[in-house]
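Asks: A single structure is presented below for examination.
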Amino acid sequence: GLVGGLCEDAAVAAAKAVAGTPFLVSSAPADRLIEAGVPSAFPMEATVYQEALAAVHWMGYRSTQQVAVLDDGSPAAQRLSGLVTDRIKADGLPVSRQSTDGPDLAKLAGTVTASKADFVYWTGAAEPGGRLVGALRQAGYTGNFMASADSDRPEFLQAAGGAAEDAFLTTPAGPKLLPAAADWAARFKDRYRRDPGRDAMQAYDALRALAQAVRQAGDTAPAKVVDNIPRLEDFTTFTGVLRFAADHSMTYDNYVIAQVRGGTLTLASKLRTD
């Protein structure tokens with residue numbers, strides 16, 4: 001079997017090239033892999049729709065009354081903002097959606113504040129997201145602010161400064177946010193003299209999942225291993241139970257809610273009951 005894959009294009013090409021061989025794609029985005037429909041490929045990352053669901057679930061947990069969804073006009077940001085907006089409307093909450101590709105964030109912040117929104121969700125790039133939360137706070141906005149996974153970068157915190165405090169992010173789980181990964185992360189650092197990133201953790205969990213499928217199959221024949229990957233028994237990653245749906249997306253996605261506390265990201269919720 002195979003484990004790996006960071007780049008979406010390369011992962012799709014590799015999955016097609018080795019079709020029939022079990023391939024757990026550790027870190028590449030899931031959507032195009034699922035669209036490719038390679039029966040032997042299983043992405044360990046969630047879909048864009050699952051990120052949208054995670055965001056909307058958190059809005060519900062925060063007893064949100066009115067939402068403003070903002071993006072920077074890029075195709076990826078607009079796709080996510082559209083999915084979030086549609087899901088909020090389906091839940092019956094008032095929501096406004098706006099795209100901005102200009103520098104006048106102060107004007108945008110004023111518009112949001114005037115709309116009486118109590119939850120702002122940003123799906124654009126990290127640096128303007130940081131400047132946006134700063135502009136919102138300066139305009140007097142006191143509600144919830146959350147950004148998408150694209151803002152899980154140093155540029156967001158640097159641009160926002162103190163205004164980032166208590167802001168939320170929807171982001172794929174990494175070792176720094178998961179207490180269950182602490183012992184493994186310490187062993188990794190002891191061996192390699194550096195902290196592990198998400199890619200290392202995802203690859204480790206993927207390799208363990210592949211091994212579990214081999215154990216269940218009682219055989220290393222690729223077809224038998226592929227058959228067992230969707231039927232992993234009593235198997236958990238650092239995020240929780242790993243299950244694959246019929247289309248090979250993860251049944252339980254790996255998105256968590258992070259919150260800025262003291263200038264660093266901390267875990268606010270795993271959004272899981274397990």
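By convention here, the chains of the structure tokens are called A, B, ... in the order presented, each chain's residues are numbered starting at 1, and ligands are numbered starting at 1 in the order presented.
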Can you tell me which residues surround segment 76-91 of chain A at a distance of at most 10 Å, considering only C-alpha atoms, apart from same-chain residues fewer than 6 positions away, and format the answer as a list in words?

Replies: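 That gives Val48, Tyr49, Gln50, Glu51, Ala52, Leu53, Ala54, Ala55, Val56, His57, Met59, Gly60, Gln66, Val67, Ala68, Val69, Leu70, Arg97, Gln98, Ser99, Tyr121, Trp122, Thr123, Gly124, Ala125, Ser148 and Asp150 of chain A.
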
Asks: Please report, as a PDB file with all heavy atoms, in the first residue's frame, each residue of segment 45-183 of chain A to which DSSP assigns strand (DSSP E or B) when run on this structure's backbone.

Replies:
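Done, and the output landed in selection20.pdb:
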ATOM      1  N   VAL A  67     -25.738  36.392  10.906  1.00  0.00           N
ATOM      2  CA  VAL A  67     -24.385  36.107  10.426  1.00  0.00           C
ATOM      3  C   VAL A  67     -24.038  36.977   9.231  1.00  0.00           C
ATOM      4  O   VAL A  67     -24.871  37.220   8.353  1.00  0.00           O
ATOM      5  CB  VAL A  67     -24.253  34.619  10.022  1.00  0.00           C
ATOM      6  CG1 VAL A  67     -22.812  34.297   9.614  1.00  0.00           C
ATOM      7  CG2 VAL A  67     -24.701  33.708  11.158  1.00  0.00           C
ATOM      8  N   ALA A  68     -22.780  37.419   9.193  1.00  0.00           N
ATOM      9  CA  ALA A  68     -22.219  38.071   8.009  1.00  0.00           C
ATOM     10  C   ALA A  68     -21.092  37.191   7.489  1.00  0.00           C
ATOM     11  O   ALA A  68     -20.137  36.910   8.216  1.00  0.00           O
ATOM     12  CB  ALA A  68     -21.688  39.461   8.355  1.00  0.00           C
ATOM     13  N   VAL A  69     -21.214  36.725   6.247  1.00  0.00           N
ATOM     14  CA  VAL A  69     -20.196  35.872   5.620  1.00  0.00           C
ATOM     15  C   VAL A  69     -19.442  36.720   4.613  1.00  0.00           C
ATOM     16  O   VAL A  69     -20.049  37.303   3.703  1.00  0.00           O
ATOM     17  CB  VAL A  69     -20.836  34.651   4.940  1.00  0.00           C
ATOM     18  CG1 VAL A  69     -19.760  33.780   4.288  1.00  0.00           C
ATOM     19  CG2 VAL A  69     -21.640  33.830   5.947  1.00  0.00           C
ATOM     20  N   LEU A  70     -18.127  36.781   4.751  1.00  0.00           N
ATOM     21  CA  LEU A  70     -17.297  37.645   3.916  1.00  0.00           C
ATOM     22  C   LEU A  70     -16.197  36.830   3.251  1.00  0.00           C
ATOM     23  O   LEU A  70     -15.633  35.920   3.861  1.00  0.00           O
ATOM     24  CB  LEU A  70     -16.661  38.749   4.762  1.00  0.00           C
ATOM     25  CG  LEU A  70     -17.607  39.544   5.677  1.00  0.00           C
ATOM     26  CD1 LEU A  70     -16.811  40.503   6.552  1.00  0.00           C
ATOM     27  CD2 LEU A  70     -18.641  40.305   4.854  1.00  0.00           C
ATOM     28  N   ASP A  71     -15.874  37.165   2.000  1.00  0.00           N
ATOM     29  CA  ASP A  71     -14.760  36.505   1.314  1.00  0.00           C
ATOM     30  C   ASP A  71     -13.978  37.527   0.508  1.00  0.00           C
ATOM     31  O   ASP A  71     -14.399  38.677   0.372  1.00  0.00           O
ATOM     32  CB  ASP A  71     -15.256  35.357   0.430  1.00  0.00           C
ATOM     33  CG  ASP A  71     -16.131  35.820  -0.724  1.00  0.00           C
ATOM     34  OD1 ASP A  71     -15.613  36.515  -1.609  1.00  0.00           O
ATOM     35  OD2 ASP A  71     -17.344  35.485  -0.732  1.00  0.00           O
ATOM     36  N   VAL A  95     -28.754  35.869   7.253  1.00  0.00           N
ATOM     37  CA  VAL A  95     -27.352  35.884   6.838  1.00  0.00           C
ATOM     38  C   VAL A  95     -27.180  36.833   5.662  1.00  0.00           C
ATOM     39  O   VAL A  95     -28.036  36.936   4.786  1.00  0.00           O
ATOM     40  CB  VAL A  95     -26.868  34.461   6.466  1.00  0.00           C
ATOM     41  CG1 VAL A  95     -27.735  33.861   5.353  1.00  0.00           C
ATOM     42  CG2 VAL A  95     -25.399  34.464   6.078  1.00  0.00           C
ATOM     43  N   SER A  96     -26.062  37.555   5.666  1.00  0.00           N
ATOM     44  CA  SER A  96     -25.682  38.378   4.524  1.00  0.00           C
ATOM     45  C   SER A  96     -24.343  37.868   4.011  1.00  0.00           C
ATOM     46  O   SER A  96     -23.541  37.317   4.773  1.00  0.00           O
ATOM     47  CB  SER A  96     -25.563  39.845   4.917  1.00  0.00           C
ATOM     48  OG  SER A  96     -24.537  40.018   5.896  1.00  0.00           O
ATOM     49  N   ARG A  97     -24.109  38.035   2.728  1.00  0.00           N
ATOM     50  CA  ARG A  97     -22.860  37.561   2.123  1.00  0.00           C
ATOM     51  C   ARG A  97     -22.284  38.660   1.261  1.00  0.00           C
ATOM     52  O   ARG A  97     -23.007  39.304   0.504  1.00  0.00           O
ATOM     53  CB  ARG A  97     -23.122  36.306   1.284  1.00  0.00           C
ATOM     54  CG  ARG A  97     -21.886  35.742   0.596  1.00  0.00           C
ATOM     55  CD  ARG A  97     -22.261  34.593  -0.322  1.00  0.00           C
ATOM     56  NE  ARG A  97     -21.121  34.119  -1.083  1.00  0.00           N
ATOM     57  CZ  ARG A  97     -21.206  33.355  -2.171  1.00  0.00           C
ATOM     58  NH1 ARG A  97     -22.400  32.973  -2.603  1.00  0.00           N
ATOM     59  NH2 ARG A  97     -20.124  32.966  -2.800  1.00  0.00           N
ATOM     60  N   GLN A  98     -20.982  38.878   1.383  1.00  0.00           N
ATOM     61  CA  GLN A  98     -20.350  39.958   0.636  1.00  0.00           C
ATOM     62  C   GLN A  98     -18.935  39.555   0.252  1.00  0.00           C
ATOM     63  O   GLN A  98     -18.200  38.957   1.052  1.00  0.00           O
ATOM     64  CB  GLN A  98     -20.316  41.235   1.483  1.00  0.00           C
ATOM     65  CG  GLN A  98     -19.812  42.462   0.740  1.00  0.00           C
ATOM     66  CD  GLN A  98     -20.017  43.736   1.540  1.00  0.00           C
ATOM     67  OE1 GLN A  98     -20.794  43.763   2.498  1.00  0.00           O
ATOM     68  NE2 GLN A  98     -19.350  44.801   1.166  1.00  0.00           N
ATOM     69  N   SER A  99     -18.552  39.881  -0.982  1.00  0.00           N
ATOM     70  CA  SER A  99     -17.184  39.665  -1.453  1.00  0.00           C
ATOM     71  C   SER A  99     -16.476  41.002  -1.525  1.00  0.00           C
ATOM     72  O   SER A  99     -17.071  42.019  -1.892  1.00  0.00           O
ATOM     73  CB  SER A  99     -17.174  39.022  -2.840  1.00  0.00           C
ATOM     74  OG  SER A  99     -17.689  37.717  -2.802  1.00  0.00           O
ATOM     75  N   PHE A 119     -22.170  37.475  14.391  1.00  0.00           N
ATOM     76  CA  PHE A 119     -21.156  36.478  14.041  1.00  0.00           C
ATOM     77  C   PHE A 119     -20.652  36.798  12.643  1.00  0.00           C
ATOM     78  O   PHE A 119     -21.432  36.879  11.690  1.00  0.00           O
ATOM     79  CB  PHE A 119     -21.741  35.061  14.079  1.00  0.00           C
ATOM     80  CG  PHE A 119     -20.712  33.972  14.220  1.00  0.00           C
ATOM     81  CD1 PHE A 119     -20.654  33.214  15.374  1.00  0.00           C
ATOM     82  CD2 PHE A 119     -19.793  33.707  13.208  1.00  0.00           C
ATOM     83  CE1 PHE A 119     -19.698  32.210  15.525  1.00  0.00           C
ATOM     84  CE2 PHE A 119     -18.840  32.717  13.346  1.00  0.00           C
ATOM     85  CZ  PHE A 119     -18.795  31.960  14.508  1.00  0.00           C
ATOM     86  N   VAL A 120     -19.337  36.992  12.518  1.00  0.00           N
ATOM     87  CA  VAL A 120     -18.700  37.252  11.229  1.00  0.00           C
ATOM     88  C   VAL A 120     -17.823  36.064  10.865  1.00  0.00           C
ATOM     89  O   VAL A 120     -17.025  35.595  11.685  1.00  0.00           O
ATOM     90  CB  VAL A 120     -17.848  38.537  11.278  1.00  0.00           C
ATOM     91  CG1 VAL A 120     -17.050  38.698   9.985  1.00  0.00           C
ATOM     92  CG2 VAL A 120     -18.725  39.754  11.521  1.00  0.00           C
ATOM     93  N   TYR A 121     -17.981  35.563   9.630  1.00  0.00           N
ATOM     94  CA  TYR A 121     -17.158  34.449   9.159  1.00  0.00           C
ATOM     95  C   TYR A 121     -16.410  34.880   7.917  1.00  0.00           C
ATOM     96  O   TYR A 121     -17.011  35.275   6.923  1.00  0.00           O
ATOM     97  CB  TYR A 121     -18.026  33.233   8.868  1.00  0.00           C
ATOM     98  CG  TYR A 121     -17.226  31.985   8.509  1.00  0.00           C
ATOM     99  CD1 TYR A 121     -16.202  31.537   9.325  1.00  0.00           C
ATOM    100  CD2 TYR A 121     -17.509  31.259   7.354  1.00  0.00           C
ATOM    101  CE1 TYR A 121     -15.479  30.396   9.011  1.00  0.00           C
ATOM    102  CE2 TYR A 121     -16.788  30.115   7.034  1.00  0.00           C
ATOM    103  CZ  TYR A 121     -15.775  29.690   7.866  1.00  0.00           C
ATOM    104  OH  TYR A 121     -15.059  28.562   7.549  1.00  0.00           O
ATOM    105  N   TRP A 122     -15.086  34.795   7.977  1.00  0.00           N
ATOM    106  CA  TRP A 122     -14.209  35.213   6.881  1.00  0.00           C
ATOM    107  C   TRP A 122     -13.632  33.979   6.206  1.00  0.00           C
ATOM    108  O   TRP A 122     -13.047  33.125   6.869  1.00  0.00           O
ATOM    109  CB  TRP A 122     -13.080  36.094   7.417  1.00  0.00           C
ATOM    110  CG  TRP A 122     -11.964  36.377   6.454  1.00  0.00           C
ATOM    111  CD1 TRP A 122     -10.704  35.844   6.468  1.00  0.00           C
ATOM    112  CD2 TRP A 122     -11.984  37.298   5.349  1.00  0.00           C
ATOM    113  NE1 TRP A 122      -9.941  36.355   5.446  1.00  0.00           N
ATOM    114  CE2 TRP A 122     -10.713  37.254   4.746  1.00  0.00           C
ATOM    115  CE3 TRP A 122     -12.962  38.142   4.829  1.00  0.00           C
ATOM    116  CZ2 TRP A 122     -10.386  38.023   3.641  1.00  0.00           C
ATOM    117  CZ3 TRP A 122     -12.644  38.907   3.715  1.00  0.00           C
ATOM    118  CH2 TRP A 122     -11.375  38.851   3.135  1.00  0.00           C
ATOM    119  N   ASN A 144     -18.861  37.636  17.702  1.00  0.00           N
ATOM    120  CA  ASN A 144     -17.929  36.565  17.367  1.00  0.00           C
ATOM    121  C   ASN A 144     -17.300  36.789  16.000  1.00  0.00           C
ATOM    122  O   ASN A 144     -17.972  37.245  15.063  1.00  0.00           O
ATOM    123  CB  ASN A 144     -18.646  35.215  17.357  1.00  0.00           C
ATOM    124  CG  ASN A 144     -19.114  34.792  18.734  1.00  0.00           C
ATOM    125  OD1 ASN A 144     -18.307  34.505  19.603  1.00  0.00           O
ATOM    126  ND2 ASN A 144     -20.431  34.778  18.935  1.00  0.00           N
ATOM    127  N   PHE A 145     -16.025  36.458  15.890  1.00  0.00           N
ATOM    128  CA  PHE A 145     -15.330  36.480  14.600  1.00  0.00           C
ATOM    129  C   PHE A 145     -14.691  35.114  14.391  1.00  0.00           C
ATOM    130  O   PHE A 145     -14.025  34.597  15.289  1.00  0.00           O
ATOM    131  CB  PHE A 145     -14.253  37.563  14.554  1.00  0.00           C
ATOM    132  CG  PHE A 145     -13.480  37.585  13.254  1.00  0.00           C
ATOM    133  CD1 PHE A 145     -13.907  38.386  12.201  1.00  0.00           C
ATOM    134  CD2 PHE A 145     -12.358  36.793  13.072  1.00  0.00           C
ATOM    135  CE1 PHE A 145     -13.214  38.402  10.993  1.00  0.00           C
ATOM    136  CE2 PHE A 145     -11.665  36.796  11.868  1.00  0.00           C
ATOM    137  CZ  PHE A 145     -12.090  37.609  10.830  1.00  0.00           C
ATOM    138  N   MET A 146     -14.894  34.546  13.209  1.00  0.00           N
ATOM    139  CA  MET A 146     -14.255  33.276  12.878  1.00  0.00           C
ATOM    140  C   MET A 146     -13.738  33.324  11.451  1.00  0.00           C
ATOM    141  O   MET A 146     -14.370  33.906  10.566  1.00  0.00           O
ATOM    142  CB  MET A 146     -15.230  32.107  13.041  1.00  0.00           C
ATOM    143  CG  MET A 146     -14.580  30.744  12.813  1.00  0.00           C
ATOM    144  SD  MET A 146     -15.541  29.366  13.508  1.00  0.00           S
ATOM    145  CE  MET A 146     -16.968  29.378  12.415  1.00  0.00           C
ATOM    146  N   ALA A 147     -12.586  32.723  11.240  1.00  0.00           N
ATOM    147  CA  ALA A 147     -11.987  32.652   9.910  1.00  0.00           C
ATOM    148  C   ALA A 147     -11.847  31.194   9.500  1.00  0.00           C
ATOM    149  O   ALA A 147     -11.842  30.283  10.341  1.00  0.00           O
ATOM    150  CB  ALA A 147     -10.625  33.348   9.896  1.00  0.00           C
ATOM    151  N   PHE A 168     -12.025  32.865  16.487  1.00  0.00           N
ATOM    152  CA  PHE A 168     -12.091  31.433  16.210  1.00  0.00           C
ATOM    153  C   PHE A 168     -11.599  31.140  14.796  1.00  0.00           C
ATOM    154  O   PHE A 168     -11.666  31.991  13.919  1.00  0.00           O
ATOM    155  CB  PHE A 168     -13.524  30.915  16.343  1.00  0.00           C
ATOM    156  CG  PHE A 168     -14.116  31.075  17.719  1.00  0.00           C
ATOM    157  CD1 PHE A 168     -15.092  32.024  17.958  1.00  0.00           C
ATOM    158  CD2 PHE A 168     -13.690  30.268  18.768  1.00  0.00           C
ATOM    159  CE1 PHE A 168     -15.651  32.170  19.221  1.00  0.00           C
ATOM    160  CE2 PHE A 168     -14.243  30.409  20.034  1.00  0.00           C
ATOM    161  CZ  PHE A 168     -15.222  31.357  20.260  1.00  0.00           C
ATOM    162  N   LEU A 169     -11.134  29.909  14.614  1.00  0.00           N
ATOM    163  CA  LEU A 169     -10.779  29.424  13.281  1.00  0.00           C
ATOM    164  C   LEU A 169     -11.334  28.017  13.107  1.00  0.00           C
ATOM    165  O   LEU A 169     -11.270  27.204  14.027  1.00  0.00           O
ATOM    166  CB  LEU A 169      -9.261  29.367  13.068  1.00  0.00           C
ATOM    167  CG  LEU A 169      -8.527  30.645  12.676  1.00  0.00           C
ATOM    168  CD1 LEU A 169      -8.271  31.502  13.903  1.00  0.00           C
ATOM    169  CD2 LEU A 169      -7.216  30.313  11.983  1.00  0.00           C
ATOM    170  N   THR A 170     -11.902  27.732  11.924  1.00  0.00           N
ATOM    171  CA  THR A 170     -12.155  26.350  11.541  1.00  0.00           C
ATOM    172  C   THR A 170     -10.895  25.857  10.849  1.00  0.00           C
ATOM    173  O   THR A 170     -10.448  26.464   9.879  1.00  0.00           O
ATOM    174  CB  THR A 170     -13.345  26.243  10.567  1.00  0.00           C
ATOM    175  OG1 THR A 170     -13.181  27.193   9.512  1.00  0.00           O
ATOM    176  CG2 THR A 170     -14.662  26.503  11.274  1.00  0.00           C
ATOM    177  N   THR A 171     -10.316  24.774  11.340  1.00  0.00           N
ATOM    178  CA  THR A 171      -9.056  24.315  10.789  1.00  0.00           C
ATOM    179  C   THR A 171      -8.899  22.816  10.972  1.00  0.00           C
ATOM    180  O   THR A 171      -9.407  22.257  11.949  1.00  0.00           O
ATOM    181  CB  THR A 171      -7.876  25.061  11.465  1.00  0.00           C
ATOM    182  OG1 THR A 171      -6.650  24.722  10.816  1.00  0.00           O
ATOM    183  CG2 THR A 171      -7.785  24.734  12.944  1.00  0.00           C
ATOM    184  N   PRO A 172      -8.223  22.138  10.050  1.00  0.00           N
ATOM    185  CA  PRO A 172      -7.940  20.725  10.273  1.00  0.00           C
ATOM    186  C   PRO A 172      -7.077  20.548  11.517  1.00  0.00           C
ATOM    187  O   PRO A 172      -6.184  21.349  11.789  1.00  0.00           O
ATOM    188  CB  PRO A 172      -7.180  20.303   9.005  1.00  0.00           C
ATOM    189  CG  PRO A 172      -7.572  21.307   7.975  1.00  0.00           C
ATOM    190  CD  PRO A 172      -7.749  22.584   8.717  1.00  0.00           C
TER     191      PRO A 172
END

Asks: Write out as a VMD selection string the set of residues from segment 209-238 of chain A that DSSP, computed on the backbone, places in alpha helix (DSSP H).

Replies: chain A and resid 209 to 217 222 to 228

Asks: With only C-alpha atoms as the basis for distance, which of A:Phe235, A:Tyr204, A:Phe156, A:Tyr192 is at the shortest distance from Val25 of chain A?

Replies: A:Tyr204

Asks: Write out, as a tab-separated table, each residue of segment 190-222 of chain A that has an atom at most 12 Å from segment 239-251 of chain A, together with the closest pair of atoms and their distance in Å to one decimal, counting only C-alpha atoms, rows going by chain and rising number.

Replies:
residue	atom	partner	partner_atom	distance
A:Arg198	CA	A:Thr239	CA	11.6
A:Met201	CA	A:Thr239	CA	10.2
A:Gln202	CA	A:Thr239	CA	9.9
A:Asp205	CA	A:Thr239	CA	9.5
A:Ala206	CA	A:Leu242	CA	10.0
A:Arg208	CA	A:Leu242	CA	11.1
A:Ala209	CA	A:Leu242	CA	8.4
A:Leu210	CA	A:Leu242	CA	11.7
A:Gln212	CA	A:Leu242	CA	11.3
A:Ala213	CA	A:Leu242	CA	11.9

Asks: Write out as a PDB file with N, CA and C atoms, in the first residue's frame which residues come within 10 Å of Ala109 of chain A when counting only C-alpha atoms, dropping same-chain ones fewer than 3 positions away.

Replies:
ATOM      1  N   ASP A 104     -10.382  48.589   1.287  1.00  0.00           N
ATOM      2  CA  ASP A 104     -11.141  49.415   2.227  1.00  0.00           C
ATOM      3  C   ASP A 104     -11.860  48.537   3.251  1.00  0.00           C
ATOM      4  N   LEU A 105     -11.091  47.941   4.147  1.00  0.00           N
ATOM      5  CA  LEU A 105     -11.670  47.057   5.153  1.00  0.00           C
ATOM      6  C   LEU A 105     -12.418  47.844   6.218  1.00  0.00           C
ATOM      7  N   ALA A 106     -12.016  49.104   6.441  1.00  0.00           N
ATOM      8  CA  ALA A 106     -12.717  49.921   7.434  1.00  0.00           C
ATOM      9  C   ALA A 106     -14.162  50.154   7.013  1.00  0.00           C
ATOM     10  N   VAL A 112     -20.685  45.912   8.269  1.00  0.00           N
ATOM     11  CA  VAL A 112     -21.008  44.740   9.090  1.00  0.00           C
ATOM     12  C   VAL A 112     -21.573  45.166  10.431  1.00  0.00           C
ATOM     13  N   THR A 113     -20.938  46.145  11.048  1.00  0.00           N
ATOM     14  CA  THR A 113     -21.396  46.617  12.357  1.00  0.00           C
ATOM     15  C   THR A 113     -22.804  47.195  12.268  1.00  0.00           C
ATOM     16  N   ALA A 114     -23.073  47.935  11.193  1.00  0.00           N
ATOM     17  CA  ALA A 114     -24.394  48.531  11.017  1.00  0.00           C
ATOM     18  C   ALA A 114     -25.469  47.480  10.769  1.00  0.00           C
ATOM     19  N   SER A 115     -25.076  46.321  10.242  1.00  0.00           N
ATOM     20  CA  SER A 115     -26.055  45.273   9.935  1.00  0.00           C
ATOM     21  C   SER A 115     -26.517  44.521  11.170  1.00  0.00           C
ATOM     22  N   LEU A 132      -8.974  42.543   8.792  1.00  0.00           N
ATOM     23  CA  LEU A 132     -10.425  42.694   8.917  1.00  0.00           C
ATOM     24  C   LEU A 132     -10.871  42.637  10.364  1.00  0.00           C
ATOM     25  N   VAL A 133     -10.387  41.668  11.119  1.00  0.00           N
ATOM     26  CA  VAL A 133     -10.813  41.589  12.520  1.00  0.00           C
ATOM     27  C   VAL A 133     -10.351  42.819  13.281  1.00  0.00           C
ATOM     28  N   GLY A 134      -9.172  43.361  12.909  1.00  0.00           N
ATOM     29  CA  GLY A 134      -8.717  44.598  13.523  1.00  0.00           C
ATOM     30  C   GLY A 134      -9.641  45.765  13.215  1.00  0.00           C
ATOM     31  N   ALA A 135     -10.073  45.855  11.949  1.00  0.00           N
ATOM     32  CA  ALA A 135     -10.980  46.927  11.546  1.00  0.00           C
ATOM     33  C   ALA A 135     -12.345  46.782  12.216  1.00  0.00           C
ATOM     34  N   LEU A 136     -12.801  45.536  12.356  1.00  0.00           N
ATOM     35  CA  LEU A 136     -14.085  45.302  13.021  1.00  0.00           C
ATOM     36  C   LEU A 136     -14.048  45.758  14.478  1.00  0.00           C
ATOM     37  N   ARG A 137     -13.002  45.379  15.176  1.00  0.00           N
ATOM     38  CA  ARG A 137     -12.905  45.768  16.590  1.00  0.00           C
ATOM     39  C   ARG A 137     -12.796  47.279  16.725  1.00  0.00           C
ATOM     40  N   GLN A 138     -12.058  47.905  15.805  1.00  0.00           N
ATOM     41  CA  GLN A 138     -11.911  49.368  15.855  1.00  0.00           C
ATOM     42  C   GLN A 138     -13.251  50.058  15.573  1.00  0.00           C
ATOM     43  N   ALA A 139     -14.095  49.403  14.766  1.00  0.00           N
ATOM     44  CA  ALA A 139     -15.406  49.972  14.443  1.00  0.00           C
ATOM     45  C   ALA A 139     -16.436  49.718  15.534  1.00  0.00           C
ATOM     46  N   GLY A 140     -16.034  49.005  16.580  1.00  0.00           N
ATOM     47  CA  GLY A 140     -16.927  48.768  17.699  1.00  0.00           C
ATOM     48  C   GLY A 140     -17.627  47.425  17.689  1.00  0.00           C
ATOM     49  N   TYR A 141     -17.252  46.545  16.763  1.00  0.00           N
ATOM     50  CA  TYR A 141     -17.884  45.224  16.696  1.00  0.00           C
ATOM     51  C   TYR A 141     -17.446  44.391  17.902  1.00  0.00           C
TER      52      TYR A 141
END

Asks: Identify which of the residues A:Ala185, A:Ile229, A:Leu157, A:Ala17 lies closest to Ala200 of chain A, counting only C-alpha atoms when measuring atom-to-atom distances.

Replies: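 Among the listed residues, the smallest separation from Ala200 of chain A belongs to A:Ala185.
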
Asks: Within 9 Å of Lys270 of chain A, counting only C-alpha atoms, which residues show up once you throw out same-chain ones fewer than 3 positions away? Write them as a list in words, please.

Replies: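 The residues that qualify are Ala173, Leu178, Thr239, Asn254, Tyr255, Val256, Ile257, Ala258, Leu267 and Thr273 of chain A.
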
Asks: Given the selection you just returned, output its residues as a file containing C-alpha atoms, formatted as a PDB file, in the first residue's frame.

Replies:
ATOM      1  CA  ALA A 173      -6.637  19.277  13.528  1.00  0.00           C
ATOM      2  CA  LEU A 178      -4.778  17.697  20.125  1.00  0.00           C
ATOM      3  CA  THR A 239      -8.660  13.115  16.083  1.00  0.00           C
ATOM      4  CA  ASN A 254     -10.966  16.267  10.957  1.00  0.00           C
ATOM      5  CA  TYR A 255     -12.023  19.907  11.337  1.00  0.00           C
ATOM      6  CA  VAL A 256     -11.779  21.439  14.798  1.00  0.00           C
ATOM      7  CA  ILE A 257     -12.438  24.889  16.216  1.00  0.00           C
ATOM      8  CA  ALA A 258      -9.367  26.756  17.390  1.00  0.00           C
ATOM      9  CA  LEU A 267      -8.376  24.039  21.011  1.00  0.00           C
ATOM     10  CA  THR A 273     -18.764  13.292  20.723  1.00  0.00           C
TER      11      THR A 273
END
